[in-house]
>>> print(open('data-v3.cif').read())   # mmCIF, C-alpha atoms
data_target
loop_
_atom_site.label_atom_id
_atom_site.label_comp_id
_atom_site.auth_asym_id
_atom_site.auth_seq_id
_atom_site.Cartn_x
_atom_site.Cartn_y
_atom_site.Cartn_z
CA MET A 1 89.50 136.35 127.43
CA ALA A 2 89.64 133.26 125.23
CA GLU A 3 92.94 131.48 125.29
CA GLU A 4 94.72 131.17 121.96
CA ILE A 5 95.40 127.56 121.03
CA LYS A 6 98.49 126.38 119.19
CA ALA A 7 97.92 125.08 115.68
CA GLY A 8 99.28 121.57 115.28
CA CYS A 9 98.50 118.19 113.85
CA ALA A 10 96.43 117.13 116.84
CA ARG A 11 93.12 118.93 116.63
CA PRO A 12 92.15 120.66 119.86
CA THR A 13 89.12 119.09 121.47
CA GLY A 14 86.63 120.16 124.09
CA GLY A 15 85.03 118.16 126.85
CA PRO A 16 83.00 118.57 130.01
CA VAL A 17 84.30 121.23 132.38
CA GLY A 18 85.29 119.97 135.82
CA GLU A 19 85.18 116.31 134.81
CA LYS A 20 85.52 114.00 137.79
CA ALA A 21 88.61 111.85 138.05
CA LYS A 22 87.97 108.28 136.92
CA THR A 23 86.97 105.85 139.62
CA LYS A 24 88.91 102.65 140.01
CA GLU A 25 86.09 100.72 138.35
CA GLU A 26 86.07 103.03 135.31
CA THR A 27 89.83 102.76 134.95
CA GLN A 28 89.47 98.99 134.95
CA LYS A 29 86.82 99.25 132.22
CA SER A 30 89.05 101.34 129.96
CA THR A 31 91.86 98.82 130.43
CA ASP A 32 89.49 96.08 129.28
CA LYS A 33 88.67 98.18 126.22
CA GLU A 34 92.35 98.51 125.31
CA VAL A 35 92.78 94.76 125.42
CA LYS A 36 89.88 94.37 122.97
CA ALA A 37 91.48 96.93 120.64
CA MET A 38 94.39 94.64 119.75
CA VAL A 39 94.79 93.92 116.07
CA THR A 40 97.36 91.36 115.00
CA VAL A 41 99.20 90.69 111.77
CA GLY A 42 98.10 87.42 110.20
CA LYS A 43 94.62 87.80 111.70
CA LYS A 44 91.35 89.04 110.18
CA ALA A 45 90.85 92.78 110.09
CA PRO A 46 87.80 93.74 112.17
CA ASP A 47 84.93 94.55 109.80
CA PHE A 48 83.29 97.99 110.00
CA THR A 49 81.04 100.37 108.15
CA ALA A 50 81.75 104.07 107.86
CA PRO A 51 80.27 107.08 106.07
CA ALA A 52 82.57 108.42 103.38
CA TYR A 53 83.04 111.15 100.79
CA HIS A 54 83.97 109.72 97.40
CA LYS A 55 84.13 111.65 94.11
CA GLY A 56 81.35 114.10 94.87
CA LYS A 57 79.09 111.69 96.73
CA PHE A 58 78.48 110.74 100.35
CA ILE A 59 78.52 106.96 100.61
CA SER A 60 78.65 104.16 103.16
CA VAL A 61 81.67 101.90 102.99
CA GLN A 62 82.01 98.46 104.53
CA LEU A 63 85.46 96.87 104.75
CA SER A 64 84.16 93.39 103.84
CA GLU A 65 82.94 94.75 100.46
CA PHE A 66 86.61 94.74 99.46
CA LEU A 67 87.23 91.02 100.00
CA GLY A 68 89.09 89.79 96.92
CA LYS A 69 91.08 93.03 96.67
CA TRP A 70 94.15 94.43 98.40
CA VAL A 71 93.17 97.25 100.75
CA ILE A 72 95.21 100.06 102.27
CA LEU A 73 93.39 101.48 105.28
CA CYS A 74 94.86 104.78 106.45
CA PHE A 75 94.02 106.72 109.57
CA TYR A 76 95.16 110.32 110.08
CA PRO A 77 94.68 112.97 112.76
CA GLY A 78 92.43 115.30 110.83
CA ASP A 79 91.53 117.22 107.70
CA PHE A 80 93.55 120.42 107.14
CA THR A 81 96.23 119.34 109.61
CA PHE A 82 99.29 120.09 107.48
CA VAL A 83 101.17 116.77 107.18
CA MET B 1 89.80 107.73 107.75
CA SER B 2 89.70 110.41 110.41
CA VAL B 3 87.28 111.66 113.04
CA ASP B 4 86.17 114.48 110.70
CA SER B 5 82.68 114.45 109.21
CA VAL B 6 82.12 113.66 105.53
CA PHE B 7 81.22 117.33 105.05
CA VAL B 8 84.66 118.45 106.21
CA HIS B 9 86.21 115.73 104.01
CA LYS B 10 84.38 117.28 101.04
CA MET B 11 85.62 120.77 101.90
CA TRP B 12 89.20 119.56 102.33
CA ASN B 13 89.06 117.71 99.02
CA ASP B 14 87.42 120.57 97.13
CA HIS B 15 89.44 123.45 98.55
CA GLU B 16 92.90 122.00 99.12
CA LEU B 17 93.56 118.39 98.08
CA SER B 18 92.12 118.85 94.58
CA LYS B 19 94.81 121.51 94.09
CA MET B 20 97.48 118.89 94.89
CA VAL B 21 95.93 115.90 93.10
CA GLU B 22 94.31 116.46 89.72
CA GLY B 23 90.64 115.48 89.84
CA GLY B 24 90.66 115.28 93.63
CA ILE B 25 91.16 112.32 95.92
CA PRO B 26 90.42 109.12 93.93
CA PHE B 27 89.63 106.92 96.95
CA ALA B 28 86.91 107.09 99.61
CA MET B 29 87.59 109.46 102.52
CA LEU B 30 86.07 107.69 105.53
CA SER B 31 84.62 109.36 108.59
CA ASP B 32 84.98 107.90 112.07
CA GLY B 33 83.26 110.30 114.46
CA GLY B 34 84.13 109.39 118.03
CA GLY B 35 86.98 107.16 116.87
CA LYS B 36 85.00 103.93 117.20
CA VAL B 37 86.71 102.18 114.30
CA GLY B 38 90.08 103.68 115.24
CA SER B 39 89.69 102.28 118.76
CA VAL B 40 89.21 98.77 117.39
CA PHE B 41 92.34 99.17 115.26
CA GLY B 42 94.29 100.58 118.21
CA VAL B 43 95.02 103.98 116.64
CA TYR B 44 92.51 106.25 118.40
CA LEU B 45 94.28 108.69 120.74
CA GLU B 46 91.71 109.21 123.45
CA ASP B 47 93.40 112.21 125.11
CA GLU B 48 93.70 114.18 121.85
CA GLY B 49 90.44 112.93 120.34
CA VAL B 50 92.13 112.13 117.03
CA GLU B 51 93.56 109.13 115.24
CA ALA B 52 97.26 108.43 114.83
CA ARG B 53 98.75 107.91 111.37
CA GLY B 54 97.94 104.22 111.11
CA ARG B 55 98.34 102.33 107.84
CA PHE B 56 97.06 98.77 107.49
CA ILE B 57 97.68 96.43 104.57
CA ILE B 58 94.74 94.03 104.25
CA ASP B 59 94.95 91.13 101.78
CA PRO B 60 92.14 89.77 99.55
CA ASP B 61 91.11 87.34 102.34
CA GLY B 62 90.66 90.23 104.78
CA ILE B 63 93.83 89.34 106.70
CA ILE B 64 96.01 92.14 108.07
CA GLN B 65 99.48 91.54 106.60
CA GLY B 66 101.16 94.60 108.08
CA PHE B 67 100.65 97.90 109.79
CA GLU B 68 102.57 101.01 110.71
CA VAL B 69 101.46 103.62 113.23
CA LEU B 70 103.07 107.06 113.65
CA THR B 71 102.23 109.92 115.99
CA PRO B 72 100.70 112.94 114.25
CA PRO B 73 103.71 115.16 113.35
CA VAL B 74 105.48 112.76 110.93
CA GLY B 75 104.05 111.64 107.59
CA ARG B 76 104.24 108.17 106.11
CA ASN B 77 106.19 106.97 103.07
CA VAL B 78 103.90 106.01 100.19
CA ASN B 79 106.69 104.23 98.29
CA GLU B 80 107.33 101.99 101.27
CA SER B 81 103.64 101.04 101.49
CA ILE B 82 103.62 100.20 97.77
CA ARG B 83 106.84 98.19 98.16
CA GLN B 84 105.30 96.17 100.99
CA ILE B 85 102.13 95.43 99.00
CA GLN B 86 104.24 94.32 96.01
CA ALA B 87 106.24 92.04 98.31
CA PHE B 88 103.12 90.53 99.90
CA GLN B 89 101.57 90.05 96.46
CA HIS B 90 104.71 88.25 95.32
CA VAL B 91 104.56 85.96 98.37
CA ARG B 92 100.88 85.28 97.70
CA ASN B 93 101.45 84.54 94.00
CA SER B 94 104.21 82.09 94.95
CA LYS B 95 101.72 80.42 97.32
CA GLY B 96 104.10 81.07 100.17
CA THR B 97 107.09 79.29 98.59
CA GLU B 98 109.12 82.51 98.33
CA ALA B 99 110.17 85.00 100.99
CA MET B 100 111.25 88.57 100.46
CA PRO B 101 114.50 89.65 102.11
CA SER B 102 115.11 93.07 103.69
CA GLY B 103 114.90 95.89 101.18
CA TRP B 104 113.37 93.67 98.48
CA LYS B 105 111.64 95.40 95.63
CA PRO B 106 110.56 94.14 92.21
CA GLY B 107 113.62 93.04 90.23
CA LYS B 108 115.64 91.99 93.27
CA PRO B 109 116.14 88.28 94.05
CA THR B 110 113.78 86.50 96.41
CA LEU B 111 114.56 83.66 98.81
CA LYS B 112 113.20 80.12 98.55
CA PRO B 113 113.30 78.81 102.11
CA GLY B 114 114.09 75.11 102.46
CA PRO B 115 116.67 72.72 103.90
CA GLU B 116 119.25 73.69 101.24
CA LEU B 117 119.06 77.38 102.15
CA VAL B 118 119.76 76.96 105.86
CA GLY B 119 123.05 78.70 106.64
CA LYS B 120 123.52 79.62 102.96
CA VAL B 121 121.68 82.92 102.73
CA TRP B 122 125.02 84.76 102.93
CA GLU B 123 126.04 83.16 99.63
CA ILE B 124 123.14 84.58 97.65
CA TRP B 125 122.11 87.68 99.61
CA LYS B 126 124.46 90.56 100.48
CA THR B 127 123.69 93.29 103.02
CA SER B 128 124.18 95.92 100.31
CA MET B 129 121.02 94.50 98.69
CA ALA B 130 118.99 95.79 101.63
CA PHE B 131 119.57 99.33 100.36
CA ASP B 132 118.32 101.05 97.22
#
>>> encode(input="data-v3.cif", output="structure tokens")
Amino acid sequence: MAEEIKAGCARPTGGPVGEKAKTKEETQKSTDKEVKAMVTVGKKAPDFTAPAYHKGKFISVQLSEFLGKWVILCFYPGDFTFV
Amino acid sequence: MSVDSVFVHKMWNDHELSKMVEGGIPFAMLSDGGGKVGSVFGVYLEDEGVEARGRFIIDPDGIIQGFEVLTPPVGRNVNESIRQIQAFQHVRNSKGTEAMPSGWKPGKPTLKPGPELVGKVWEIWKTSMAFD
């Protein structure tokens, strides 16, 4: 029988069943990735493009299009997640 | 921005958010499937597959002036984000000659750092001014 999952802000996710434990090399790789992920105040925001929904239309947004304006960039766990 | 698709963003806007905000969400709702952008900004939670509540203030030169990151169960404070933008705008307009003390908001005095102010902040700024 399917297990009931608790509703919360973090959306439940799937993944491969019986995934192998990470090898030492893979663990090292993910550490390298975390180092690259550093963003710092006083430094340039990394540019990106992303699909978006805006006033009835699906659009593509690029951060650098907003140079010359103040930008608030907000991340959140997921649509319909209560908070 | 979240890991949801733009289709889910549309459904959330149309069926729930537009009932909270007249006319629906006025800004772009960005989609970051796989958390690629979130990873670069350090807010993607790999184990949960979602993004934390990260909020970045980016100035007109594309420089990150501030950020705040919360775990999923607690919401942010919009007034505080607006206050911080107003403070950074004030600093920018003063070309960096003014600094904004703790709790500053429009109408409260600013500080003009310089040799004369060293050791004298206590004369013009009281701790009570840090609070609303």
>>> residues_around(input="data-v3.cif", residues="segment 63-73 of chain B", least_positions_apart="5", cutoff="10 Å", atoms="all atoms listed in the file", output="PyMOL selection string")
(chain A and resi 8-11+39-46+67+70-78+81-83) or (chain B and resi 42-43+45+50-58+81+84-85+88)
>>> write_last_selection(input="data-v3.cif", atoms="C-alpha atoms", output="mmCIF file, in the coordinates of the input")
data_model
loop_
_atom_site.group_PDB
_atom_site.id
_atom_site.type_symbol
_atom_site.label_atom_id
_atom_site.label_comp_id
_atom_site.auth_asym_id
_atom_site.auth_seq_id
_atom_site.Cartn_x
_atom_site.Cartn_y
_atom_site.Cartn_z
ATOM 1 C CA GLY A 8 99.280 121.570 115.280
ATOM 2 C CA CYS A 9 98.500 118.190 113.850
ATOM 3 C CA ALA A 10 96.430 117.130 116.840
ATOM 4 C CA ARG A 11 93.120 118.930 116.630
ATOM 5 C CA VAL A 39 94.790 93.920 116.070
ATOM 6 C CA THR A 40 97.360 91.360 115.000
ATOM 7 C CA VAL A 41 99.200 90.690 111.770
ATOM 8 C CA GLY A 42 98.100 87.420 110.200
ATOM 9 C CA LYS A 43 94.620 87.800 111.700
ATOM 10 C CA LYS A 44 91.350 89.040 110.180
ATOM 11 C CA ALA A 45 90.850 92.780 110.090
ATOM 12 C CA PRO A 46 87.800 93.740 112.170
ATOM 13 C CA LEU A 67 87.230 91.020 100.000
ATOM 14 C CA TRP A 70 94.150 94.430 98.400
ATOM 15 C CA VAL A 71 93.170 97.250 100.750
ATOM 16 C CA ILE A 72 95.210 100.060 102.270
ATOM 17 C CA LEU A 73 93.390 101.480 105.280
ATOM 18 C CA CYS A 74 94.860 104.780 106.450
ATOM 19 C CA PHE A 75 94.020 106.720 109.570
ATOM 20 C CA TYR A 76 95.160 110.320 110.080
ATOM 21 C CA PRO A 77 94.680 112.970 112.760
ATOM 22 C CA GLY A 78 92.430 115.300 110.830
ATOM 23 C CA THR A 81 96.230 119.340 109.610
ATOM 24 C CA PHE A 82 99.290 120.090 107.480
ATOM 25 C CA VAL A 83 101.170 116.770 107.180
ATOM 26 C CA GLY B 42 94.290 100.580 118.210
ATOM 27 C CA VAL B 43 95.020 103.980 116.640
ATOM 28 C CA LEU B 45 94.280 108.690 120.740
ATOM 29 C CA VAL B 50 92.130 112.130 117.030
ATOM 30 C CA GLU B 51 93.560 109.130 115.240
ATOM 31 C CA ALA B 52 97.260 108.430 114.830
ATOM 32 C CA ARG B 53 98.750 107.910 111.370
ATOM 33 C CA GLY B 54 97.940 104.220 111.110
ATOM 34 C CA ARG B 55 98.340 102.330 107.840
ATOM 35 C CA PHE B 56 97.060 98.770 107.490
ATOM 36 C CA ILE B 57 97.680 96.430 104.570
ATOM 37 C CA ILE B 58 94.740 94.030 104.250
ATOM 38 C CA SER B 81 103.640 101.040 101.490
ATOM 39 C CA GLN B 84 105.300 96.170 100.990
ATOM 40 C CA ILE B 85 102.130 95.430 99.000
ATOM 41 C CA PHE B 88 103.120 90.530 99.900
#
>>> resolve_selection(input="data-v3.cif", expression="the PyMOL selection byres ((chain B and resi 91-103) around 9)", output="PyMOL selection string")
chain B and resi 83+86-90+104-105+108-113+125+127+129-132
>>> atom_distance(input="data-v3.cif", atom1="atom CA of Gly23 of chain B", atom2="atom CA of Glu65 of chain A")
24.5 Å
>>> residues_around(input="data-v3.cif", residues="Pro51 of chain A", least_positions_apart="6", cutoff="7 Å", atoms="all atoms listed in the file", output="PyMOL selection string")
(chain A and resi 59-61) or (chain B and resi 6+30-31)
>>> residues_near_point(input="data-v3.cif", point="(87.8, 117.8, 91.9)", cutoff="9 Å", atoms="all atoms listed in the file", output="list in words")
Lys55 and Gly56 of chain A; Asn13, Asp14, His15, Leu17, Ser18, Lys19, Val21, Glu22, Gly23, Gly24 and Ile25 of chain B
>>> closest_residue(input="data-v3.cif", among="B:Phe27, B:Asp61, B:Glu46, B:Gly33", to="Ser64 of chain A", atoms="all atoms listed in the file")
B:Asp61
>>> closest_residue(input="data-v3.cif", among="A:Glu4, A:Leu63, A:Lys69, A:Val17", to="chain B", atoms="all atoms listed in the file")
A:Lys69
